[in-house]
$ cat start.tsv   # TSV, C-alpha atoms
chain	number	residue	atom	x	y	z
A	80	LYS	CA	-55.88	-19.61	-18.72
A	81	GLU	CA	-59.34	-20.60	-19.99
A	82	GLU	CA	-60.84	-17.56	-18.25
A	83	VAL	CA	-59.04	-15.09	-20.54
A	84	ILE	CA	-59.19	-16.95	-23.87
A	85	GLY	CA	-61.33	-15.01	-26.34
A	86	LYS	CA	-61.42	-11.88	-24.22
A	87	ASP	CA	-59.96	-8.46	-24.97
A	88	SER	CA	-56.27	-8.45	-24.01
A	89	ARG	CA	-56.82	-5.13	-22.25
A	90	THR	CA	-58.38	-7.17	-19.43
A	91	LEU	CA	-54.82	-7.87	-18.30
A	92	TRP	CA	-53.54	-4.33	-18.73
A	93	ILE	CA	-52.99	-1.92	-15.90
A	94	GLU	CA	-55.25	1.08	-16.47
A	95	LYS	CA	-52.58	3.75	-16.18
A	96	SER	CA	-50.40	2.08	-18.85
A	97	GLN	CA	-53.05	1.16	-21.45
A	98	SER	CA	-52.12	4.00	-23.79
A	99	GLU	CA	-48.44	3.01	-23.62
A	100	HIS	CA	-49.37	-0.58	-24.52
A	101	ILE	CA	-51.33	0.48	-27.59
A	102	LYS	CA	-48.59	2.84	-28.74
A	103	SER	CA	-45.86	0.24	-28.22
A	104	ILE	CA	-47.70	-2.56	-30.01
A	105	SER	CA	-48.15	-0.32	-33.02
A	106	GLN	CA	-44.45	0.60	-33.03
A	107	ILE	CA	-42.90	-2.82	-32.34
A	108	GLY	CA	-42.58	-5.02	-35.37
A	109	GLY	CA	-41.18	-8.39	-36.35
A	110	SER	CA	-39.36	-10.38	-33.72
A	111	ALA	CA	-38.35	-7.42	-31.54
A	112	TRP	CA	-39.37	-7.50	-27.90
A	113	GLN	CA	-39.80	-4.47	-25.69
A	114	VAL	CA	-39.76	-4.64	-21.91
A	115	GLY	CA	-40.97	-2.28	-19.21
A	116	PHE	CA	-44.65	-3.24	-19.08
A	117	TYR	CA	-46.79	-4.92	-16.44
A	118	HIS	CA	-49.94	-7.03	-16.49
A	119	LYS	CA	-52.22	-7.99	-13.63
A	120	ARG	CA	-53.29	-11.43	-12.49
A	121	LYS	CA	-56.72	-12.59	-11.35
A	122	ASP	CA	-55.79	-11.91	-7.73
A	123	GLY	CA	-54.75	-8.35	-8.61
A	124	SER	CA	-51.00	-8.92	-8.31
A	125	VAL	CA	-48.80	-7.36	-10.97
A	126	PHE	CA	-46.12	-9.14	-13.03
A	127	PRO	CA	-43.63	-7.88	-15.66
A	128	VAL	CA	-44.06	-8.69	-19.35
A	129	SER	CA	-42.26	-8.06	-22.61
A	130	LEU	CA	-44.27	-7.13	-25.72
A	131	SER	CA	-43.93	-8.08	-29.37
A	132	SER	CA	-46.19	-7.50	-32.37
A	133	SER	CA	-46.62	-8.69	-35.95
A	134	VAL	CA	-48.52	-6.99	-38.75
A	135	ILE	CA	-50.98	-9.07	-40.82
A	136	GLN	CA	-51.41	-8.08	-44.46
A	137	ASP	CA	-53.93	-9.04	-47.12
A	138	GLN	CA	-53.14	-10.39	-50.58
A	139	ASN	CA	-52.45	-6.87	-51.82
A	140	GLY	CA	-49.91	-6.18	-49.09
A	141	LYS	CA	-52.20	-3.88	-47.16
A	142	ASP	CA	-51.98	-3.86	-43.39
A	143	ILE	CA	-55.23	-5.18	-42.02
A	144	ALA	CA	-54.40	-6.15	-38.44
A	145	THR	CA	-51.76	-6.20	-35.75
A	146	VAL	CA	-51.19	-9.19	-33.49
A	147	GLY	CA	-49.58	-8.42	-30.15
A	148	MET	CA	-47.90	-10.94	-27.86
A	149	ALA	CA	-47.04	-10.56	-24.19
A	150	ARG	CA	-44.55	-12.82	-22.42
A	151	ASP	CA	-44.32	-13.23	-18.63
A	152	ILE	CA	-40.69	-12.44	-17.72
A	153	SER	CA	-40.93	-12.74	-13.92
A	154	GLU	CA	-38.57	-15.72	-13.79
A	155	ARG	CA	-36.16	-14.10	-16.22
A	156	ILE	CA	-35.93	-10.98	-14.05
A	157	LEU	CA	-35.28	-13.13	-10.98
A	158	VAL	CA	-32.44	-14.90	-12.80
A	159	GLU	CA	-31.02	-11.57	-13.97
A	160	ASP	CA	-31.13	-10.25	-10.41
A	161	GLU	CA	-29.30	-13.34	-9.17
A	162	LEU	CA	-26.65	-12.89	-11.85
A	163	LYS	CA	-26.23	-9.22	-10.96
A	164	THR	CA	-25.87	-10.09	-7.28
A	165	ALA	CA	-23.32	-12.80	-8.07
A	166	ASN	CA	-21.43	-10.38	-10.31
A	167	ARG	CA	-21.30	-7.75	-7.57
A	168	LYS	CA	-20.00	-10.32	-5.10
A	169	LEU	CA	-17.38	-11.47	-7.61
A	170	LYS	CA	-16.20	-7.91	-8.22
A	171	LYS	CA	-16.04	-7.32	-4.47
A	172	ARG	CA	-14.04	-10.51	-3.98
A	173	ASN	CA	-11.65	-9.63	-6.81
A	174	GLN	CA	-11.16	-6.18	-5.29
A	175	LEU	CA	-10.40	-7.80	-1.93
A	176	ARG	CA	-7.89	-10.13	-3.57
A	177	CYS	CA	-6.12	-7.23	-5.27
A	178	GLU	CA	-5.95	-5.21	-2.06
A	179	LEU	CA	-4.70	-8.25	-0.15
A	180	ALA	CA	-2.00	-9.00	-2.74
A	181	ILE	CA	-0.76	-5.39	-2.61
A	182	MET	CA	-0.63	-5.40	1.20
A	183	VAL	CA	1.14	-8.75	1.31
A	184	SER	CA	3.71	-7.45	-1.17
A	185	GLU	CA	4.30	-4.31	0.92
A	186	THR	CA	4.61	-6.34	4.12
A	187	LEU	CA	6.96	-8.81	2.45
A	188	MET	CA	9.28	-6.05	1.19
A	189	ARG	CA	9.36	-4.49	4.65
A	190	LEU	CA	10.17	-7.80	6.35
A	191	LEU	CA	12.93	-8.55	3.86
A	192	ALA	CA	14.41	-5.09	4.41
A	193	GLU	CA	14.46	-5.89	8.14
A	194	GLU	CA	16.05	-9.28	7.32
A	195	ASN	CA	13.13	-10.99	9.05
A	196	LEU	CA	13.20	-14.11	6.89
A	197	ASP	CA	10.93	-16.16	9.17
A	198	GLY	CA	8.30	-13.43	9.05
A	199	ALA	CA	8.64	-13.18	5.27
A	200	ARG	CA	8.20	-16.93	4.81
A	201	GLY	CA	5.22	-16.86	7.16
A	202	ILE	CA	3.31	-14.10	5.34
A	203	VAL	CA	3.88	-15.79	1.96
A	204	SER	CA	2.76	-19.18	3.30
A	205	ASP	CA	-0.38	-17.72	4.93
A	206	PHE	CA	-1.25	-15.78	1.77
A	207	LEU	CA	-0.97	-18.91	-0.38
A	208	ASP	CA	-3.10	-20.89	2.08
A	209	ILE	CA	-5.80	-18.20	2.21
A	210	SER	CA	-5.85	-18.16	-1.60
A	211	LYS	CA	-6.34	-21.94	-1.61
A	212	VAL	CA	-9.23	-21.69	0.84
A	213	ASP	CA	-10.85	-18.87	-1.14
A	214	GLU	CA	-10.58	-20.80	-4.40
A	215	GLY	CA	-11.75	-24.08	-2.86
A	216	ARG	CA	-8.39	-25.77	-3.41
A	217	MET	CA	-7.61	-26.41	0.25
A	218	LYS	CA	-8.02	-30.13	0.97
A	219	LEU	CA	-7.79	-31.61	4.45
A	220	LYS	CA	-5.80	-34.82	5.01
A	221	LEU	CA	-7.63	-36.39	7.94
A	222	THR	CA	-5.79	-38.75	10.26
A	223	ARG	CA	-6.42	-39.91	13.82
A	224	PHE	CA	-3.93	-38.63	16.39
A	225	CYS	CA	-3.59	-37.69	20.04
A	226	PHE	CA	-4.41	-34.01	20.48
A	227	ARG	CA	-2.77	-33.92	23.92
A	228	SER	CA	0.59	-35.00	22.45
A	229	VAL	CA	0.43	-32.36	19.72
A	230	VAL	CA	-0.21	-29.59	22.26
A	231	SER	CA	2.71	-30.77	24.41
A	232	GLU	CA	5.07	-30.85	21.42
A	233	ILE	CA	4.12	-27.36	20.25
A	234	VAL	CA	4.43	-25.88	23.75
A	235	GLN	CA	7.87	-27.44	24.05
A	236	SER	CA	8.98	-26.12	20.65
A	237	LEU	CA	7.80	-22.57	21.46
A	238	SER	CA	9.23	-22.47	24.98
A	239	PRO	CA	12.55	-20.94	23.79
A	240	LEU	CA	10.64	-18.10	22.08
A	241	ALA	CA	8.71	-17.43	25.28
A	242	ALA	CA	11.91	-17.57	27.34
A	243	GLU	CA	13.55	-14.96	25.08
A	244	ARG	CA	10.72	-12.58	25.97
A	245	ASN	CA	10.82	-13.57	29.64
A	246	ILE	CA	7.32	-15.06	29.44
A	247	LYS	CA	6.19	-18.13	31.34
A	248	LEU	CA	4.58	-20.67	29.00
A	249	LYS	CA	2.55	-23.36	30.74
A	250	SER	CA	0.28	-26.13	29.48
A	251	ILE	CA	-2.54	-27.65	31.53
A	252	ILE	CA	-3.52	-30.89	29.82
A	253	PRO	CA	-5.63	-33.81	31.11
A	254	ASP	CA	-3.94	-37.20	31.37
A	255	SER	CA	-6.58	-38.95	29.28
A	256	GLU	CA	-6.01	-39.40	25.57
A	257	LEU	CA	-7.85	-36.81	23.50
A	258	ALA	CA	-8.16	-38.29	20.03
A	259	VAL	CA	-9.20	-36.25	17.01
A	260	GLU	CA	-9.62	-37.00	13.34
A	261	ALA	CA	-8.17	-33.93	11.67
A	262	ASP	CA	-5.46	-32.65	9.38
A	263	TYR	CA	-2.38	-32.90	11.61
A	264	ASP	CA	-0.36	-30.18	9.85
A	265	ARG	CA	-3.28	-27.72	9.81
A	266	ILE	CA	-4.01	-28.21	13.51
A	267	VAL	CA	-0.33	-27.64	14.28
A	268	GLN	CA	-0.59	-24.48	12.17
A	269	VAL	CA	-3.59	-23.21	14.16
A	270	LEU	CA	-2.07	-24.02	17.56
A	271	SER	CA	1.25	-22.40	16.66
A	272	CYS	CA	-0.52	-19.27	15.43
A	273	LEU	CA	-2.55	-18.80	18.62
A	274	ILE	CA	0.37	-19.43	20.98
A	275	LYS	CA	2.81	-17.24	19.01
A	276	ASN	CA	0.20	-14.48	18.90
A	277	ALA	CA	-0.21	-14.66	22.69
A	278	ILE	CA	3.57	-14.56	23.24
A	279	LYS	CA	3.90	-11.59	20.89
A	280	TYR	CA	1.41	-9.40	22.75
A	281	THR	CA	2.20	-10.47	26.31
A	282	PRO	CA	4.58	-8.12	28.18
A	283	SER	CA	7.86	-9.27	29.73
A	284	LYS	CA	7.41	-11.34	32.92
A	285	GLY	CA	3.91	-12.19	31.74
A	286	ARG	CA	2.36	-15.61	31.34
A	287	VAL	CA	0.63	-17.67	28.67
A	288	ASN	CA	-1.41	-20.70	29.74
A	289	ILE	CA	-2.67	-23.39	27.37
A	290	ARG	CA	-5.57	-25.52	28.55
A	291	THR	CA	-7.27	-28.42	26.84
A	292	LYS	CA	-10.36	-30.27	28.00
A	293	ASP	CA	-12.90	-32.85	27.00
A	294	SER	CA	-16.19	-31.05	26.28
A	295	GLY	CA	-18.48	-33.93	25.48
A	296	TYR	CA	-18.67	-34.33	21.72
A	297	GLN	CA	-15.71	-32.07	21.11
A	298	ILE	CA	-12.28	-31.10	22.38
A	299	ALA	CA	-11.70	-27.52	23.51
A	300	LEU	CA	-8.47	-25.56	23.74
A	301	GLU	CA	-7.84	-22.17	25.35
A	302	VAL	CA	-4.75	-19.98	25.02
A	303	GLN	CA	-4.88	-17.42	27.82
A	304	ASP	CA	-2.51	-14.48	28.29
A	305	ASN	CA	-2.26	-11.50	30.61
A	306	GLY	CA	-1.44	-8.97	27.91
A	307	PRO	CA	-3.45	-5.82	27.09
A	308	ALA	CA	-7.14	-6.65	26.67
A	309	ILE	CA	-8.56	-6.45	23.18
A	310	GLU	CA	-11.00	-3.55	22.91
A	311	SER	CA	-14.70	-4.29	23.15
A	312	GLY	CA	-16.18	-5.08	19.74
A	313	GLU	CA	-12.79	-5.93	18.23
A	314	THR	CA	-12.65	-9.62	19.13
A	315	GLU	CA	-14.61	-10.70	16.04
A	316	LYS	CA	-12.69	-8.39	13.69
A	317	ILE	CA	-9.32	-9.99	14.39
A	318	PHE	CA	-10.51	-13.18	12.66
A	319	ASN	CA	-12.10	-11.32	9.74
A	320	LEU	CA	-9.83	-10.85	6.72
A	321	ARG	CA	-11.81	-7.96	5.24
A	322	ALA	CA	-11.83	-6.15	8.59
A	323	GLN	CA	-8.06	-6.62	8.85
A	324	ILE	CA	-7.54	-5.11	5.40
A	325	GLU	CA	-9.86	-2.17	6.07
A	326	GLU	CA	-8.16	-1.48	9.40
A	327	ARG	CA	-4.76	-1.40	7.74
A	328	LEU	CA	-6.06	0.95	5.03
A	329	CYS	CA	-7.48	3.33	7.63
A	330	SER	CA	-4.73	3.21	10.23
A	331	GLU	CA	-1.80	2.60	7.87
A	332	LYS	CA	-0.69	-0.19	10.15
A	333	GLU	CA	2.75	-1.31	9.03
A	334	ASN	CA	2.56	-5.09	8.68
A	335	LEU	CA	-0.41	-7.19	7.67
A	336	SER	CA	-1.08	-10.34	9.72
A	337	LEU	CA	-3.02	-13.21	8.15
A	338	GLY	CA	-2.55	-15.83	10.87
A	339	LEU	CA	-5.81	-15.42	12.78
A	340	PRO	CA	-8.13	-15.13	9.72
A	341	LEU	CA	-6.46	-18.25	8.31
A	342	ALA	CA	-6.80	-20.07	11.65
A	343	LYS	CA	-10.53	-19.36	11.60
A	344	GLU	CA	-10.89	-20.81	8.10
A	345	LEU	CA	-8.94	-23.95	9.02
A	346	VAL	CA	-10.86	-24.60	12.25
A	347	GLU	CA	-14.22	-24.12	10.53
A	348	MET	CA	-13.17	-26.48	7.72
A	349	HIS	CA	-12.81	-29.12	10.45
A	350	GLY	CA	-16.33	-28.38	11.71
A	351	GLY	CA	-15.07	-26.50	14.76
A	352	SER	CA	-15.42	-22.97	16.11
A	353	ILE	CA	-12.90	-20.31	17.11
A	354	TRP	CA	-13.32	-17.09	19.08
A	355	ALA	CA	-11.60	-14.64	21.42
A	356	GLU	CA	-12.61	-13.21	24.78
A	357	SER	CA	-11.20	-10.31	26.80
A	358	GLY	CA	-11.10	-10.05	30.57
A	359	ASN	CA	-12.42	-6.98	32.39
A	360	GLU	CA	-9.10	-6.62	34.20
A	361	GLY	CA	-6.90	-7.31	31.19
A	362	GLY	CA	-5.78	-10.44	29.44
A	363	ASN	CA	-7.29	-12.37	26.56
A	364	SER	CA	-8.39	-15.91	25.82
A	365	PHE	CA	-8.25	-17.42	22.35
A	366	CYS	CA	-10.36	-20.57	22.16
A	367	PHE	CA	-11.30	-23.16	19.58
A	368	THR	CA	-13.14	-26.47	19.50
A	369	LEU	CA	-12.75	-29.55	17.33
A	370	PRO	CA	-15.10	-32.53	16.91
A	371	LYS	CA	-13.83	-35.66	18.63
A	372	SER	CA	-12.56	-38.64	16.72
A	373	ALA	CA	-15.40	-40.70	15.27
A	374	VAL	CA	-13.55	-43.80	16.49
A	375	GLN	CA	-13.41	-42.45	20.02
A	376	GLU	CA	-17.11	-41.59	19.91
A	377	ALA	CA	-17.95	-45.12	18.78
A	378	VAL	CA	-15.92	-46.64	21.62
A	379	ALA	CA	-17.58	-44.32	24.15
A	380	SER	CA	-21.02	-45.25	22.84
A	381	MET	CA	-20.27	-48.97	23.01
A	382	SER	CA	-18.93	-48.56	26.56
A	383	ALA	CA	-22.14	-46.80	27.58
A	384	ILE	CA	-24.22	-49.59	26.06
A	385	GLU	CA	-22.19	-52.31	27.79
A	386	GLU	CA	-22.39	-50.42	31.08
A	387	GLY	CA	-26.15	-50.20	30.70
A	388	LYS	CA	-26.37	-53.95	30.08
A	389	TYR	CA	-24.20	-54.65	33.13
A	390	ARG	CA	-26.49	-52.55	35.29
A	391	GLY	CA	-29.51	-54.30	33.86
A	392	ASN	CA	-30.93	-51.17	32.08

$ encode --input "start.tsv" --output "structure tokens"
Amino acid sequence: KEEVIGKDSRTLWIEKSQSEHIKSISQIGGSAWQVGFYHKRKDGSVFPVSLSSSVIQDQNGKDIATVGMARDISERILVEDELKTANRKLKKRNQLRCELAIMVSETLMRLLAEENLDGARGIVSDFLDISKVDEGRMKLKLTRFCFRSVVSEIVQSLSPLAAERNIKLKSIIPDSELAVEADYDRIVQVLSCLIKNAIKYTPSKGRVNIRTKDSGYQIALEVQDNGPAIESGETEKIFNLRAQIEERLCSEKENLSLGLPLAKELVEMHGGSIWAESGNEGGNSFCFTLPKSAVQEAVASMSAIEEGKYRGN
């Protein structure tokens, strides 16, 4: 700052724009500011400025001088860029919401025409839940429960559906208690979605296996079927809401399904992960993980400490 005080302001000007500076300062008056100019720093870097000028007059009202002012607007431009980016994202999100609402409406009308009331209720419920997640209104009600028992109950409740399609539904669950601290209803929702999806796309006389296991700090579940393998590169898209909408727009697929994108949101809200894998010889595996119960982790840690003491470690 001290290095430029008292010096000609043109020291800061960029050579190729000096004439524009002089012309602008003479034209700008009062409190008006004009942007589109750049100054240079001591290190040679360039930064944007806005210019303003005021005319000084003598006692007779004669113009005797012009005072020009330059303001560094680097930070302002950064803020404006952030606002523009946020605005673009908001417009994109609003467009997605509109497209989603239209597709849900079309799917709902089609399901009602087919008298598929369960499907109609399902698409409405999923749409409302996705809207809650998107708007930050989805709140988890965490409780501690036995994950193994929940899996057994859901498999039992969906066995009639599998039997109708002549599909063998089998659960492979460890005997040990697998405790989780999670939203019971939302985990039931995720499990039901994955198993129903597997039953839907598995051919008659096929099989769907559900496996759960203790994976250290988390509990893992796999829903495996022997239906047609998902095409390479498509496994991530099935959980992506935007990809689902774009696919329906391009292929004019009849009904929109929101179950898997919603399942992804719910699992990730719990701090878990969800993904799909396809076998080289057909069949698919839908997997997700959930953090273990904090209570269970504490007990396991205490047991390890006591065991160490007993062994004299």

$ closest_residue --input "start.tsv" --among "A:Gly338, A:Gly140, A:Pro307, A:Gly198" --to "A:Asn359" --atoms "all atoms listed in the file"
A:Pro307

$ closest_residue --input "start.tsv" --among "A:Glu193, A:Met217, A:Leu339, A:Phe126" --to "A:Leu157" --atoms "only C-alpha atoms"
A:Phe126

$ residues_around --input "start.tsv" --residues "A:Asn245" --least-positions-apart "4" --cutoff "9 Å" --atoms "only C-alpha atoms" --output "list of chain:residue names"
A:Leu240, A:Ala241, A:Pro282, A:Ser283, A:Lys284, A:Gly285, A:Arg286

$ residues_around --input "start.tsv" --residues "A:Val229" --least-positions-apart "5" --cutoff "9 Å" --atoms "all atoms listed in the file" --output "PyMOL selection string"
chain A and resi 224+234+263+266-267+270

$ closest_residue --input "start.tsv" --among "A:Arg227, A:Val346, A:Leu207, A:Asn173" --to "A:Asp262" --atoms "only C-alpha atoms"
A:Val346

$ residues_around --input "start.tsv" --residues "A:Arg200" --least-positions-apart "2" --cutoff "12 Å" --atoms "only C-alpha atoms" --output "list in words"
Val183, Thr186, Leu187, Met188, Leu190, Leu191, Glu194, Asn195, Leu196, Asp197, Gly198, Ile202, Val203, Ser204, Asp205, Phe206 and Leu207 of chain A

$ closest_residue --input "start.tsv" --among "A:Leu219, A:Ile152, A:Ile181, A:Leu162" --to "A:Ser129" --atoms "all atoms listed in the file"
A:Ile152

$ residues_around --input "start.tsv" --residues "A:Ile278" --least-positions-apart "6" --cutoff "12 Å" --atoms "all atoms listed in the file" --output "NGL selection string"
:A and (234 or 237-249 or 271-272 or 284-289 or 302-307 or 362-363)

$ atom_distance --input "start.tsv" --atom1 "atom CA of A:Gly312" --atom2 "atom CA of A:Glu326"
13.6 Å

$ closest_residue --input "start.tsv" --among "A:Leu341, A:Arg189, A:Asp122, A:Arg223" --to "A:Glu260" --atoms "all atoms listed in the file"
A:Arg223

$ closest_residue --input "start.tsv" --among "A:Thr281, A:Thr291, A:Ser184, A:Asn276" --to "A:Ser228" --atoms "only C-alpha atoms"
A:Thr291

$ residues_around --input "start.tsv" --residues "A:Glu178" --least-positions-apart "6" --cutoff "12 Å" --atoms "all atoms listed in the file" --output "list in words"
Lys171, Arg172, Ser184, Glu185, Leu320, Arg321, Gln323, Ile324, Glu325, Arg327, Leu328 and Leu335 of chain A

$ write_last_selection --input "start.tsv" --atoms "C-alpha atoms" --output "short mmCIF file (atom, residue, chain, number, x, y, z; two decimals), in the coordinates of the input"
data_model
loop_
_atom_site.label_atom_id
_atom_site.label_comp_id
_atom_site.auth_asym_id
_atom_site.auth_seq_id
_atom_site.Cartn_x
_atom_site.Cartn_y
_atom_site.Cartn_z
CA LYS A 171 -16.04 -7.32 -4.47
CA ARG A 172 -14.04 -10.51 -3.98
CA SER A 184 3.71 -7.45 -1.17
CA GLU A 185 4.30 -4.31 0.92
CA LEU A 320 -9.83 -10.85 6.72
CA ARG A 321 -11.81 -7.96 5.24
CA GLN A 323 -8.06 -6.62 8.85
CA ILE A 324 -7.54 -5.11 5.40
CA GLU A 325 -9.86 -2.17 6.07
CA ARG A 327 -4.76 -1.40 7.74
CA LEU A 328 -6.06 0.95 5.03
CA LEU A 335 -0.41 -7.19 7.67
#

$ atom_distance --input "start.tsv" --atom1 "atom CA of A:Phe318" --atom2 "atom CA of A:Ala192"
27.5 Å
